[in-house]
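S.K.: One structure follows; several queries about it will come next.
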Amino acid sequence: MYEWMKNVRQVEPYVPGEQPKDSSVIKLNTNENPYPPSPKVINRKLELEKLRVYSDPEASKLVSALADYHGLDKSQVFVGVGSDDVLAMSFMTFFNSDRPILFPDITYSFYDVWAELLRIPYEKKALDESFSIVPEDYFGENGGIVFPNPNAPTCIYMPLDGVRKILDNNRDVVVIVDEAYIDYAGESALSLIDEYDNLLVVRTFSKSRSMAGLRIGYAMGDSELISALNNVKFSFNSYTMNYLQIELGVCSVEDDGYFREMIDKVKNTREWFCKELVRLGFSFPESATNFVFAAHDRVPAKDLFEAAKNEKIYLRYFNKPRIDNYLRITIGTDEEMKKLVEFFEKYILTY
């Protein structure tokens with residue numbers, strides 16, 4: 001071993017869903033939106049000569065658009081390079097005590113990666129038998145809380161009463177609600193931020209806004225929380241948001257009609273697909289996301305995953321305790337989902 005390697009921080013990295021190079025693949029493994037961004041985004045004429053200069057470090061135009069859209073003050077909005085950047089910044093900013101932070105045992109697998117990387121102590125709280133978060137498990141002493149709502153990969157939405165229970169019993173630490181999929185679910189925790197000054201709500205443009213490739217995320221909360229986030233951001237990188245992200249992000253926010261239409265399309269396809277899954281012998285929690293978390297009553301998930309991949313249909317398989325017989329299946333277009341159903345019919349029949 002080289003001497004310098006003794007000082008290298010070792011961490012097991014997050015493993016993202018596979019990104020195939022073959023454009024003919026039906027890609028249902030990374031929860032991307034199957035439809036393009038708003039026409040306003042696609043047709044926006046950009047002044048590319050502006051790439052010569054640094055972008056606005058405060059991303060004021062995008063912050064203002066998001067604040068107006070959500071009925072907030074600009075001081076209550078923070079933007080970053082995808083919600084992963086926003087969440088990582090939040091871990092650095094708010095989780096700095098000796099007490100462990102808390103998050104579910106089956107959840108977004110970046111949480112423990114950030115905790116390990118930043119040397120933040122943590123405890124995982126087990127989901128119940130139905131894969132639901134148990135609010136009472138988060139009532140003990142801790143250094144902060146983070147959970148997705150709806151949760152991923154389990155696709156389950158916790159009603160706002162459950163979120164409120166967690167907040168009521170954790171007034172002295174920051175509680176982060178990761179709402180990457182909230183547009184496909186129920187009421188957002190955003191309605192609680194004026195009541196709880198320790199609540200941070202995080203969103204992304206990657207799912208419902210069809211802009212995963214542009215990397216835009218944001219957080220909303222009390223102005224003191226947002227100020228603290230900006231202080232950490234400006235301590236090491238002032239220019240996280242570039243000109244393209246700012247301009248095209250604003251275009252997306254301004255086209256609410258298209259945004260709502262695409263959400264409804266995905267939800268309608270999800271409803272049809274879930275009925276087909278039941279017919280084929282799958283079981284799954286009720287989905288409040290743009291994906292379904294499904295297990296077959298006879299055919300192992302790993303076999304289905306590998307067979308589908310051989311047919312150029314990419315699904316997500318997690319070789320982890322409790323969920324190693326489930327597939328996470330992104331909702332694609334109607335045509336894509338029909339092809340998946342046809343594959344399932346043939347494969348399960350001959351298994």
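Naming scheme: A, B, ... for chains in displayed order of the structure tokens; residues 1 onward per chain; ligands 1 onward as shown.
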So that I can see what lies close to Asp256 in chain A, please list as a list in words the residues with an atom at most 12 Å from it, counting only C-alpha atoms and leaving out residues fewer than 3 positions away in the same chain.

M.R.: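 My list of contacting residues is Pro37, Ser38, Pro39, Lys40, Ala65, Leu66, Tyr69, His70, Ser208, Arg209, Val250, Cys251, Ser252, Val253, Phe259, Arg260, Glu261, Met262 and Ile263 of chain A.
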
S.K.: Going by DSSP on the backbone, which bits of range 55-271 of chain A are alpha helix (DSSP H)? Write them as a ChimeraX atom specification, please.

M.R.: /A:60-70,82-94,110-117,160-168,223-236,243-254,256-271

S.K.: Between CA of Arg270 in chain A and CA of Ala294 in chain A, what is the distance in Å, rounded to a tenth?

M.R.: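 Distance between the two atoms: 12.5 Å.
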
S.K.: Using only C-alpha atoms, which of A:Ile145, A:Met89, A:Ile348, A:Ile26 sits nearest Val163 in chain A?

M.R.: A:Ile145

S.K.: What residues in range 228-341 of chain A get the DSSP label strand (DSSP E)? Please answer as a PyMOL selection string.

M.R.: chain A and resi 282-283+291-296+313-314+316-317+327-330

S.K.: Name all residues at most 10 Å from range 198-203 of chain A (count only C-alpha atoms; drop same-chain ones fewer than 5 positions away) and give them as a PyMOL selection string.

M.R.: chain A and resi 76-79+82-84+86-87+90+94+144-146+148-149+167+170-183+188-193+216-222+224-226

S.K.: Just checking: using only C-alpha atoms, which residue out of A:Ser75, A:Asn169, A:Ser287, A:Thr240 ends up closest to Pro135 in chain A?

M.R.: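 Checking each of A:Ser75, A:Asn169, A:Ser287, A:Thr240 against Pro135 in chain A, counting only C-alpha atoms, the winner is A:Asn169.
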